[in-house]
Structure formats: structure tokens, C-alpha cells
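S.K.: The structure file data.cif (mmCIF, C-alpha atoms and all ligand atoms) is provided below.
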data_model
loop_
_atom_site.group_PDB
_atom_site.id
_atom_site.type_symbol
_atom_site.label_atom_id
_atom_site.label_comp_id
_atom_site.auth_asym_id
_atom_site.auth_seq_id
_atom_site.Cartn_x
_atom_site.Cartn_y
_atom_site.Cartn_z
ATOM 1 C CA MET F 1 26.758 26.670 -2.226
ATOM 2 C CA GLU F 2 26.870 24.554 0.912
ATOM 3 C CA ILE F 3 25.203 21.291 2.004
ATOM 4 C CA VAL F 4 24.140 20.951 5.646
ATOM 5 C CA THR F 5 21.905 18.526 7.536
ATOM 6 C CA ARG F 6 18.704 19.744 9.128
ATOM 7 C CA ALA F 7 19.972 18.421 12.470
ATOM 8 C CA ASP F 8 23.018 20.740 12.191
ATOM 9 C CA ARG F 9 20.883 23.792 11.461
ATOM 10 C CA PRO F 10 17.571 23.687 13.397
ATOM 11 C CA ASP F 11 17.499 27.492 13.020
ATOM 12 C CA LEU F 12 16.623 26.975 9.317
ATOM 13 C CA ASP F 13 13.589 24.738 10.014
ATOM 14 C CA GLU F 14 11.010 27.367 9.181
ATOM 15 C CA GLN F 15 12.713 28.470 5.951
ATOM 16 C CA ALA F 16 13.041 24.840 4.856
ATOM 17 C CA ALA F 17 9.384 24.144 5.694
ATOM 18 C CA VAL F 18 8.329 26.975 3.359
ATOM 19 C CA VAL F 19 10.468 25.647 0.493
ATOM 20 C CA PHE F 20 9.066 22.144 0.949
ATOM 21 C CA ARG F 21 5.459 22.954 1.721
ATOM 22 C CA GLU F 22 4.782 25.234 -1.258
ATOM 23 C CA ARG F 23 5.691 22.455 -3.689
ATOM 24 C CA TRP F 24 3.197 19.740 -2.675
ATOM 25 C CA PRO F 25 -0.598 19.484 -2.794
ATOM 26 C CA GLU F 26 -2.334 19.653 0.585
ATOM 27 C CA PHE F 27 -3.690 16.081 0.482
ATOM 28 C CA ILE F 28 -0.124 14.663 0.519
ATOM 29 C CA PHE F 29 0.233 15.846 4.121
ATOM 30 C CA HIS F 30 -2.645 13.603 5.281
ATOM 31 C CA ASP F 31 -1.056 10.177 4.791
ATOM 32 C CA ASP F 32 -1.294 8.245 8.110
ATOM 33 C CA VAL F 33 2.069 6.463 7.794
ATOM 34 C CA PRO F 34 4.259 9.606 8.036
ATOM 35 C CA LYS F 35 2.025 10.836 10.894
ATOM 36 C CA LYS F 36 3.032 7.737 12.819
ATOM 37 C CA TYR F 37 6.659 7.335 11.677
ATOM 38 C CA LEU F 38 8.092 10.719 10.673
ATOM 39 C CA ALA F 39 9.211 11.742 14.175
ATOM 40 C CA ARG F 40 11.330 8.576 14.360
ATOM 41 C CA VAL F 41 12.677 9.124 10.831
ATOM 42 C CA GLU F 42 13.880 12.555 11.975
ATOM 43 C CA GLN F 43 15.343 11.094 15.156
ATOM 44 C CA PHE F 44 17.129 8.084 13.593
ATOM 45 C CA PHE F 45 18.133 9.238 10.113
ATOM 46 C CA SER F 46 19.003 12.937 10.365
ATOM 47 C CA ARG F 47 22.241 12.200 8.496
ATOM 48 C CA TYR F 48 20.140 11.637 5.366
ATOM 49 C CA ASP F 49 18.120 14.837 5.671
ATOM 50 C CA ILE F 50 20.006 17.603 3.884
ATOM 51 C CA MET F 51 19.549 21.165 2.679
ATOM 52 C CA VAL F 52 21.390 23.129 0.017
ATOM 53 C CA LEU F 53 22.191 26.727 1.000
ATOM 54 C CA ASP F 54 23.087 29.474 -1.449
ATOM 55 C CA ASP F 55 26.049 31.826 -0.973
ATOM 56 C CA GLU F 56 23.951 34.035 1.316
ATOM 57 C CA GLY F 57 23.054 31.017 3.486
ATOM 58 C CA ALA F 58 19.413 30.814 2.358
ATOM 59 C CA VAL F 59 17.759 27.405 1.852
ATOM 60 C CA VAL F 60 17.301 26.780 -1.892
ATOM 61 C CA ALA F 61 16.735 23.017 -1.981
ATOM 62 C CA GLY F 62 16.529 19.959 0.207
ATOM 63 C CA GLY F 63 15.880 16.277 0.314
ATOM 64 C CA TRP F 64 15.858 13.260 2.543
ATOM 65 C CA GLY F 65 16.000 9.498 2.428
ATOM 66 C CA VAL F 66 15.864 6.439 4.666
ATOM 67 C CA PRO F 67 18.216 3.434 4.980
ATOM 68 C CA LEU F 68 16.641 -0.008 4.736
ATOM 69 C CA ALA F 69 17.552 -3.662 4.219
ATOM 70 C CA TRP F 70 16.684 -4.456 0.591
ATOM 71 C CA SER F 71 17.958 -7.641 -1.110
ATOM 72 C CA GLY F 72 18.557 -6.008 -4.504
ATOM 73 C CA LYS F 73 15.728 -8.020 -6.101
ATOM 74 C CA THR F 74 12.845 -6.154 -7.705
ATOM 75 C CA GLU F 75 10.293 -8.542 -6.168
ATOM 76 C CA ASP F 76 11.561 -7.639 -2.675
ATOM 77 C CA LEU F 77 11.082 -3.865 -3.089
ATOM 78 C CA PRO F 78 8.860 -2.168 -0.511
ATOM 79 C CA SER F 79 5.364 -1.459 -1.882
ATOM 80 C CA GLY F 80 6.298 2.219 -2.060
ATOM 81 C CA TYR F 81 6.939 5.354 -0.036
ATOM 82 C CA ASP F 82 4.859 4.375 3.017
ATOM 83 C CA ASP F 83 6.269 0.870 3.189
ATOM 84 C CA ALA F 84 9.867 2.093 2.754
ATOM 85 C CA MET F 85 9.362 4.396 5.754
ATOM 86 C CA VAL F 86 7.887 1.584 7.881
ATOM 87 C CA GLN F 87 10.655 -0.870 6.899
ATOM 88 C CA ALA F 88 13.401 1.671 7.616
ATOM 89 C CA VAL F 89 12.101 2.632 11.077
ATOM 90 C CA GLU F 90 11.139 -0.876 12.156
ATOM 91 C CA GLY F 91 14.372 -2.327 10.726
ATOM 92 C CA HIS F 92 16.409 0.228 12.675
ATOM 93 C CA GLU F 93 14.516 -0.588 15.880
ATOM 94 C CA ALA F 94 15.085 -4.315 15.324
ATOM 95 C CA GLY F 95 18.818 -3.740 14.713
ATOM 96 C CA THR F 96 18.721 -5.013 11.093
ATOM 97 C CA PRO F 97 21.738 -3.644 9.156
ATOM 98 C CA PRO F 98 20.605 -1.542 6.150
ATOM 99 C CA THR F 99 21.934 -2.205 2.642
ATOM 100 C CA THR F 100 20.142 0.531 0.734
ATOM 101 C CA LEU F 101 19.310 4.223 0.795
ATOM 102 C CA SER F 102 15.852 5.090 -0.521
ATOM 103 C CA PHE F 103 15.375 8.737 -1.506
ATOM 104 C CA MET F 104 12.005 9.817 -0.132
ATOM 105 C CA ALA F 105 11.619 13.424 -1.233
ATOM 106 C CA ALA F 106 13.479 16.263 -2.898
ATOM 107 C CA ALA F 107 12.319 19.805 -3.420
ATOM 108 C CA VAL F 108 13.804 22.906 -4.955
ATOM 109 C CA SER F 109 12.592 26.405 -4.156
ATOM 110 C CA SER F 110 10.421 27.401 -7.147
ATOM 111 C CA LYS F 111 12.627 30.472 -7.731
ATOM 112 C CA HIS F 112 15.540 28.105 -8.393
ATOM 113 C CA ASP F 113 13.941 25.518 -10.709
ATOM 114 C CA LYS F 114 15.783 24.113 -13.742
ATOM 115 C CA ARG F 115 19.308 24.752 -12.490
ATOM 116 C CA GLY F 116 20.092 21.178 -11.599
ATOM 117 C CA LEU F 117 19.755 21.772 -7.853
ATOM 118 C CA ALA F 118 17.756 18.553 -7.476
ATOM 119 C CA THR F 119 20.812 16.696 -8.795
ATOM 120 C CA THR F 120 22.957 18.441 -6.161
ATOM 121 C CA VAL F 121 20.573 17.143 -3.466
ATOM 122 C CA LEU F 122 20.458 13.578 -4.824
ATOM 123 C CA SER F 123 24.251 13.460 -5.282
ATOM 124 C CA GLY F 124 24.756 14.732 -1.726
ATOM 125 C CA LEU F 125 22.535 11.960 -0.362
ATOM 126 C CA THR F 126 24.179 9.309 -2.569
ATOM 127 C CA GLN F 127 27.620 10.330 -1.331
ATOM 128 C CA ARG F 128 26.497 9.837 2.276
ATOM 129 C CA ALA F 129 25.054 6.412 1.421
ATOM 130 C CA ARG F 130 28.365 5.365 -0.164
ATOM 131 C CA GLU F 131 30.382 6.662 2.811
ATOM 132 C CA ASP F 132 28.205 4.522 5.083
ATOM 133 C CA GLY F 133 28.777 1.398 2.987
ATOM 134 C CA LEU F 134 25.226 1.154 1.618
ATOM 135 C CA THR F 135 25.245 -0.854 -1.624
ATOM 136 C CA HIS F 136 22.089 0.327 -3.363
ATOM 137 C CA VAL F 137 20.362 3.668 -3.911
ATOM 138 C CA ILE F 138 16.688 3.538 -4.905
ATOM 139 C CA ALA F 139 13.686 5.880 -4.976
ATOM 140 C CA PRO F 140 9.893 5.564 -5.182
ATOM 141 C CA LEU F 141 9.627 8.510 -7.602
ATOM 142 C CA ARG F 142 6.639 10.799 -7.867
ATOM 143 C CA PRO F 143 6.994 11.745 -11.565
ATOM 144 C CA THR F 144 6.241 15.445 -11.891
ATOM 145 C CA TRP F 145 4.063 15.217 -15.042
ATOM 146 C CA LYS F 146 2.116 12.083 -14.066
ATOM 147 C CA HIS F 147 -0.733 14.178 -12.603
ATOM 148 C CA ARG F 148 -1.518 15.253 -16.166
ATOM 149 C CA TYR F 149 -2.347 11.618 -17.019
ATOM 150 C CA PRO F 150 -4.291 10.253 -14.019
ATOM 151 C CA LEU F 151 -6.024 7.593 -16.160
ATOM 152 C CA VAL F 152 -2.777 6.022 -17.388
ATOM 153 C CA PRO F 153 -1.256 3.178 -15.312
ATOM 154 C CA MET F 154 2.304 3.891 -14.104
ATOM 155 C CA ALA F 155 3.645 0.798 -15.895
ATOM 156 C CA GLU F 156 2.542 2.331 -19.196
ATOM 157 C CA TYR F 157 3.594 5.899 -18.332
ATOM 158 C CA ALA F 158 7.068 4.705 -17.340
ATOM 159 C CA GLY F 159 7.550 3.401 -20.872
ATOM 160 C CA TRP F 160 6.731 6.688 -22.633
ATOM 161 C CA THR F 161 9.971 7.958 -24.111
ATOM 162 C CA ARG F 162 11.150 10.818 -26.296
ATOM 163 C CA ALA F 163 13.213 10.516 -29.474
ATOM 164 C CA ASP F 164 16.419 10.609 -27.362
ATOM 165 C CA GLY F 165 15.280 7.523 -25.426
ATOM 166 C CA LEU F 166 14.750 9.389 -22.153
ATOM 167 C CA SER F 167 11.392 9.562 -20.379
ATOM 168 C CA VAL F 168 8.755 12.147 -21.345
ATOM 169 C CA ASP F 169 8.689 12.986 -17.618
ATOM 170 C CA PRO F 170 11.144 15.694 -16.447
ATOM 171 C CA TRP F 171 11.719 14.182 -12.990
ATOM 172 C CA ILE F 172 12.316 10.669 -14.337
ATOM 173 C CA ARG F 173 14.773 12.267 -16.806
ATOM 174 C CA THR F 174 16.741 13.928 -14.001
ATOM 175 C CA HIS F 175 17.244 10.488 -12.425
ATOM 176 C CA GLN F 176 18.055 8.848 -15.793
ATOM 177 C CA ARG F 177 20.724 11.485 -16.497
ATOM 178 C CA MET F 178 22.290 10.525 -13.171
ATOM 179 C CA GLY F 179 22.441 6.911 -14.364
ATOM 180 C CA ALA F 180 19.257 5.558 -12.789
ATOM 181 C CA ARG F 181 17.167 2.807 -14.364
ATOM 182 C CA ILE F 182 13.490 2.066 -13.954
ATOM 183 C CA LEU F 183 12.732 -1.022 -11.847
ATOM 184 C CA ALA F 184 8.938 -1.294 -11.425
ATOM 185 C CA PRO F 185 5.818 0.637 -10.468
ATOM 186 C CA ALA F 186 5.303 1.102 -6.721
ATOM 187 C CA ALA F 187 1.629 0.165 -6.751
ATOM 188 C CA ARG F 188 0.587 1.226 -3.239
ATOM 189 C CA SER F 189 3.125 3.934 -2.579
ATOM 190 C CA MET F 190 0.967 6.290 -0.524
ATOM 191 C CA VAL F 191 -2.526 5.690 0.803
ATOM 192 C CA ILE F 192 -4.539 8.723 1.880
ATOM 193 C CA GLU F 193 -7.972 8.412 3.479
ATOM 194 C CA GLY F 194 -10.376 11.000 4.832
ATOM 195 C CA THR F 195 -13.998 12.013 5.133
ATOM 196 C CA VAL F 196 -15.671 13.643 2.126
ATOM 197 C CA ALA F 197 -15.519 17.014 3.906
ATOM 198 C CA GLU F 198 -11.780 16.577 4.513
ATOM 199 C CA TRP F 199 -11.161 15.745 0.869
ATOM 200 C CA GLU F 200 -13.257 18.759 -0.164
ATOM 201 C CA SER F 201 -11.166 21.048 2.019
ATOM 202 C CA TRP F 202 -7.797 19.546 0.949
ATOM 203 C CA THR F 203 -8.634 19.860 -2.761
ATOM 204 C CA GLU F 204 -10.954 22.920 -2.815
ATOM 205 C CA MET F 205 -13.388 20.807 -4.863
ATOM 206 C CA ALA F 206 -16.958 19.573 -4.365
ATOM 207 C CA PHE F 207 -17.681 15.832 -4.473
ATOM 208 C CA PRO F 208 -21.481 15.724 -4.670
ATOM 209 C CA VAL F 209 -21.875 12.074 -5.742
ATOM 210 C CA THR F 210 -20.142 8.740 -5.226
ATOM 211 C CA GLY F 211 -17.530 8.041 -7.891
ATOM 212 C CA ASP F 212 -13.938 8.515 -9.075
ATOM 213 C CA TYR F 213 -12.614 12.057 -9.491
ATOM 214 C CA VAL F 214 -9.692 13.687 -11.291
ATOM 215 C CA VAL F 215 -8.028 15.939 -8.695
ATOM 216 C CA PRO F 216 -5.321 18.548 -9.440
ATOM 217 C CA ASP F 217 -1.815 17.237 -8.658
ATOM 218 C CA ALA F 218 -3.070 13.715 -7.906
ATOM 219 C CA LEU F 219 -1.332 11.008 -9.953
ATOM 220 C CA ASN F 220 -4.344 8.675 -9.718
ATOM 221 C CA LEU F 221 -8.105 9.103 -9.303
ATOM 222 C CA VAL F 222 -9.619 9.810 -5.890
ATOM 223 C CA HIS F 223 -12.517 7.525 -4.978
ATOM 224 C CA ILE F 224 -15.377 9.194 -3.097
ATOM 225 C CA ASP F 225 -18.054 7.157 -1.341
ATOM 226 C CA ARG F 226 -20.884 9.407 -0.084
ATOM 227 C CA GLU F 227 -22.703 6.505 1.602
ATOM 228 C CA THR F 228 -19.815 5.682 3.960
ATOM 229 C CA ASP F 229 -18.514 9.300 3.987
ATOM 230 C CA ARG F 230 -15.012 8.234 2.852
ATOM 231 C CA GLY F 231 -12.597 9.454 0.244
ATOM 232 C CA SER F 232 -9.638 7.241 -0.594
ATOM 233 C CA TYR F 233 -6.592 7.701 -2.737
ATOM 234 C CA VAL F 234 -3.918 5.149 -3.553
ATOM 235 C CA GLU F 235 -0.943 6.775 -5.271
ATOM 236 C CA GLU F 236 1.229 4.787 -7.596
ATOM 237 C CA ASN F 237 4.868 5.844 -7.813
ATOM 238 C CA LEU F 238 7.831 4.445 -9.746
ATOM 239 C CA TRP F 239 10.809 2.564 -8.296
ATOM 240 C CA VAL F 240 14.133 3.486 -9.851
ATOM 241 C CA GLN F 241 17.638 2.380 -8.951
ATOM 242 C CA HIS F 242 20.718 4.580 -9.215
ATOM 243 C CA ALA F 243 23.927 3.147 -10.655
HETATM 244 C C1 LIG F 301 11.161 18.025 -9.166
HETATM 245 C C2 LIG F 301 12.161 19.091 -8.723
HETATM 246 C C3 LIG F 301 12.842 18.629 -7.442
HETATM 247 C C4 LIG F 301 13.198 19.262 -9.857
HETATM 248 O O1 LIG F 301 14.167 20.189 -9.436
HETATM 249 P P1 LIG F 301 15.153 20.936 -10.466
HETATM 250 O O2 LIG F 301 16.380 21.311 -9.695
HETATM 251 O O3 LIG F 301 14.422 21.986 -11.182
HETATM 252 O O4 LIG F 301 15.524 19.756 -11.456
HETATM 253 P P2 LIG F 301 16.389 19.862 -12.777
HETATM 254 O O5 LIG F 301 17.074 21.184 -12.867
HETATM 255 O O6 LIG F 301 17.176 18.606 -12.819
HETATM 256 O O7 LIG F 301 15.267 19.803 -13.889
HETATM 257 C C5 LIG F 301 14.715 18.576 -14.226
HETATM 258 C C6 LIG F 301 13.821 18.711 -15.384
HETATM 259 O O8 LIG F 301 12.598 19.349 -14.958
HETATM 260 C C7 LIG F 301 12.364 20.518 -15.708
HETATM 261 N N1 LIG F 301 11.751 21.487 -14.796
HETATM 262 C C8 LIG F 301 12.204 21.854 -13.586
HETATM 263 N N2 LIG F 301 11.388 22.777 -13.071
HETATM 264 C C9 LIG F 301 10.396 22.988 -13.966
HETATM 265 C C10 LIG F 301 9.262 23.843 -14.014
HETATM 266 N N3 LIG F 301 8.957 24.660 -13.020
HETATM 267 N N4 LIG F 301 8.462 23.791 -15.095
HETATM 268 C C11 LIG F 301 8.733 22.955 -16.117
HETATM 269 N N5 LIG F 301 9.805 22.131 -16.128
HETATM 270 C C12 LIG F 301 10.632 22.149 -15.074
HETATM 271 C C13 LIG F 301 13.706 20.928 -16.202
HETATM 272 O O9 LIG F 301 13.613 21.701 -17.374
HETATM 273 C C14 LIG F 301 14.354 19.591 -16.491
HETATM 274 O O10 LIG F 301 13.842 19.057 -17.704
HETATM 275 P P3 LIG F 301 14.790 18.777 -19.000
HETATM 276 O O11 LIG F 301 15.053 17.309 -18.913
HETATM 277 O O12 LIG F 301 13.928 19.122 -20.131
HETATM 278 O O13 LIG F 301 16.008 19.621 -18.857
HETATM 279 C C15 LIG F 301 11.474 20.440 -8.469
HETATM 280 O O14 LIG F 301 10.776 20.812 -9.615
HETATM 281 C C16 LIG F 301 10.498 20.394 -7.292
HETATM 282 O O15 LIG F 301 10.878 20.698 -6.170
HETATM 283 N N6 LIG F 301 9.226 20.028 -7.543
HETATM 284 C C17 LIG F 301 8.222 19.899 -6.500
HETATM 285 C C18 LIG F 301 8.486 18.765 -5.572
HETATM 286 C C19 LIG F 301 8.544 17.445 -6.294
HETATM 287 O O16 LIG F 301 7.689 17.123 -7.110
HETATM 288 N N7 LIG F 301 9.572 16.653 -6.007
HETATM 289 C C20 LIG F 301 9.753 15.375 -6.661
HETATM 290 C C21 LIG F 301 8.986 14.311 -6.020
HETATM 291 S S1 LIG F 301 9.740 13.848 -4.496
#
Can you give me the file's structure in the form of C-alpha cells?
Ligand SMILES: CC(C)(COP(=O)(O)OP(=O)(O)OC[C@H]1O[C@@H](n2cnc3c(N)ncnc32)[C@H](O)[C@@H]1OP(=O)(O)O)[C@@H](O)C(=O)NCCC(=O)NCCS

M.R.:
Amino acid sequence: MEIVTRADRPDLDEQAAVVFRERWPEFIFHDDVPKKYLARVEQFFSRYDIMVLDDEGAVVAGGWGVPLAWSGKTEDLPSGYDDAMVQAVEGHEAGTPPTTLSFMAAAVSSKHDKRGLATTVLSGLTQRAREDGLTHVIAPLRPTWKHRYPLVPMAEYAGWTRADGLSVDPWIRTHQRMGARILAPAARSMVIEGTVAEWESWTEMAFPVTGDYVVPDALNLVHIDRETDRGSYVEENLWVQHA
């Protein structure tokens, strides 16, 4: 097993894209903030964009994060994923020294699930943050079972625990086992807007009337307005802080 950055191994871009792409619903790729900022994230923060290779050199997992200037106070957290990306890029451009690494995404090739590879990715990123003198490590988590409960607010979901005290959610548990604690819901983590036809193509669903819809893999409801021809989705995530 070896950890490399994507900048070191551009030859693996396509393989990594397959591993990442297969694991997310199509609508996630239509958030306007990454469209505007992701090229600069790749340019400025390639040190925090890593891949795990198996013994044959194939990409089996990956993850990335962004450095930003957070005070350490819950009330000063970015509003979520989009805002963390904006703050990191704009902070870097303004020359503001970062204090914190925010994990932004991690993915494991589906053939290699449940082997703790996500922990390898998160530990690799944390080690880099520590080497660079960053004090805090946080993440606006996208809990992997939350899509099963789109009517439940994140604040309530985050409190659902098993008999052992850990979360009912497998992805929150992975972070808790690494020593992370829950800080607060990230209320406007990702905002995705499109026409009704775009939403129908992203979700392979029909939205014949105005209203709120349960959509596969969406953590919250998608609001469709036929009169203005808009679909909008505000995804709530969960801020956690690593020890
Ligand atoms: C979330 C993800 C990164 C976890 O990777 P992983 O290396 O399998 O994580 P772990 O081995 O630590 O497993 C974590 C927990 O999830 C469970 N799990 C992992 N894959 C699973 C699967 N396919 N089906 C059911 N449970 C699964 C594990 O059993 C474990 O639960 P436990 O507490 O009962 O042991 C991986 O499933 C993934 O890439 N998912 C899609 C992308 C995503 O949602 N990323 C997170 C948001 S950024």
C-alpha cells in the first residue's frame, strides 16, 4: 500500500476519476461552487489531494481537503462544503494563514469497502495537516445512511446512537472511531439548482407537479417549482472535529 498525491501521479487521473465518480449521485456534480472554485483548489492545495494505491499500483481509495482559517469556535464554522471551499480559496488568495484542514471528500473503490481504507485516507490527510502546523482537522460529513431518512433534520439524526454509544450511521462511526466529535449540522452545505428537465435527467425521475420530492441518494428533499421551471436542493451535512 502506498499513498501518493494526485499532482505526483497525473497518469492515474482517469483511474481515480472512475473510483470517485461511481460512488456519488449525478446531481452532486452540478453544484455551482465547485464549478467556479475546483480548478483553483487543485492548483493551490494539491498537497491535500491523495490516493491510496494497492501493491499492484492500482488506485483503491482517495480523498482531499482544503486548508482554511477557522477560529476553533463552532459559531465560526463555514456554512458547509461550499463555503469551506470558498473560504479556503479566497483566504489563500488574500494571504490569510490557515489554521485548519477541512476534509472535503473521501471515496473507496466499491470492491474494497469495509477494510478501513477510508481511515487510511483520513489519517494520511491528517498527518499532512499536522506536518504543516495546522491546529484543527474538521469535516462537513455526508453521512452515508442519511439518504434513507430525508425527512429527519440532521440535528436529530446526529443524535441517533446505538447501544455502544456510537452513531447509527456507518460513516459518522468511522470518524468517531478515529476520535472525532460532532460539532453541529452544516445547514447549507451544498446548494444545487437546475431546470426541471435537468433535475429529471440527473435523477432519472419525473417531476410532473410543483412540490417536494424524495430523491434516491439525496439527504434532503428536492423542491420542484414547475411555474418557474426550477428545481432546488439544499443539502445539510454534519460538522465534526478530529482530536
Ligand atoms: C464512505 C466510505 C468512504 C467508507 O469507506 P470504507 O473504507 O468502507 O470505511 P470503513 O471500512 O471504515 O467502514 C465504515 C463503516 O461503513 C460500513 N460500510 C462500508 N462500506 C459499506 C457498504 N458497501 N455497505 C454497507 N456498509 C458499509 C462498514 O461496515 C463500517 O461500519 P461498522 O461501523 O459497522 O464497521 C465508502 O463507503 C465510500 O467511498 N462511499 C461513497 C462515497 C462517500 O459517501 N463518501 C463519504 C462522503 S465524502

S.K.: Taking only C-alpha atoms and all ligand atoms into account, list the residues no farther than 9 Å from ligand LIG 301 (chain F), as a VMD selection string.

M.R.: chain F and resid 19 to 24 61 to 63 103 to 121 139 to 145 166 to 175 177

S.K.: Please enclose the listed atoms of segment 2-12 of chain F in an axis-aligned box, pad each side by 4 Å, and write out the centre and the three edge lengths in Å, rounded to one decimal, as AutoDock Vina command-line options.

M.R.:
--center_x 21.7 --center_y 23.0 --center_z 7.2 --size_x 18.2 --size_y 17.1 --size_z 20.5

S.K.: Could you write out as a tab-separated table (two decimals) with C-alpha atoms, in the frame of the given file the residues that the PyMOL selection byres (((chain F and resi 224) around 7) and not hetatm) matches in the shown file?

M.R.:
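Result file follows (result.tsv):
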chain	number	residue	atom	x	y	z
F	196	VAL	CA	-15.67	13.64	2.13
F	210	THR	CA	-20.14	8.74	-5.23
F	211	GLY	CA	-17.53	8.04	-7.89
F	212	ASP	CA	-13.94	8.52	-9.07
F	222	VAL	CA	-9.62	9.81	-5.89
F	223	HIS	CA	-12.52	7.52	-4.98
F	225	ASP	CA	-18.05	7.16	-1.34
F	226	ARG	CA	-20.88	9.41	-0.08
F	230	ARG	CA	-15.01	8.23	2.85
F	231	GLY	CA	-12.60	9.45	0.24
F	232	SER	CA	-9.64	7.24	-0.59

S.K.: Just give me the gap between atom CA of Trp202 of chain F and atom CA of Val86 of chain F in Å, one decimal is fine.

M.R.: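 It comes out at 24.8 Å.
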
S.K.: Evaluate the PyMOL selection byres (((chain F and resi 180-190) around 7) and not hetatm) against this structure - the residues, as a VMD selection string, please.

M.R.: chain F and resid 31 74 79 to 82 140 154 to 155 175 to 176 178 to 179 191 to 192 234 to 243

S.K.: Can you translate the PyMOL selection byres (((chain F and resi 221) around 8) and not hetatm) into the concrete residues it hits in this file, as a list in words?

M.R.: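 Selected by the PyMOL selection byres (((chain F and resi 221) around 8) and not hetatm) in this file: Pro150, Leu151, Asp212, Tyr213, Val214, Val215, Ala218, Leu219, Asn220, Val222, His223 and Tyr233 of chain F.
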
S.K.: Pick from F:Ala7, F:Val209, F:Ala129, F:Val18: nearest to Asp49 of chain F, with all atoms listed in the file counted?

M.R.: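 Looking at the shortest contact to Asp49 of chain F, the residue is F:Ala7.
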
S.K.: Do you have the atom CA of Phe44 of chain F-atom CA of Val89 of chain F distance handy?

M.R.: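 Separation of atom CA of Phe44 of chain F and atom CA of Val89 of chain F: 7.8 Å.
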
S.K.: Restricting the calculation to all atoms listed in the file: of F:Glu2, F:Glu156, F:Asp229, F:Glu200, which residue gets closest to Glu56 of chain F?

M.R.: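 Distance minimum relative to Glu56 of chain F lands on F:Glu2.
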
S.K.: Counting all atoms listed in the file, which residue out of F:Leu12, F:Trp160, F:Ala58, F:Glu131 sits closest to Lys146 of chain F?

M.R.: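 Looking at the shortest contact to Lys146 of chain F, the residue is F:Trp160.
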
S.K.: Given the choices F:Ile28, F:Val52, F:Ala197, F:Ala69, which gets closest to Gly124 of chain F if the distance is worked out from all atoms listed in the file?

M.R.: F:Val52

S.K.: Go ahead and compute the interatomic distance for atom CA of Ala84 of chain F and atom CA of Pro67 of chain F, in Å to one decimal.

M.R.: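 Atom CA of Pro67 of chain F lies 8.7 Å from atom CA of Ala84 of chain F.
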
S.K.: Choose the residue, out of F:Phe207, F:Tyr149, F:Tyr48, F:Trp199, that has the smallest atom-to-atom separation from Glu26 of chain F; count only C-alpha atoms.

M.R.: F:Trp199

S.K.: Given the choices F:Asp83, F:Thr100, F:Trp64, F:Ser71, which gets closest to Pro34 of chain F if the distance is worked out from all atoms listed in the file?

M.R.: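 Ranking F:Asp83, F:Thr100, F:Trp64, F:Ser71 by distance to Pro34 of chain F, first place goes to F:Asp83.
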
S.K.: Which polymer residues have any atom within 9 Å of an atom of segment 36-41 of chain F, counting all atoms listed in the file, with same-chain residues fewer than 3 positions away left out, as a list in words?

M.R.: Asp32, Val33, Phe44, Phe45, Ser46, Val66, Met85, Val86, Ala88 and Val89 of chain F
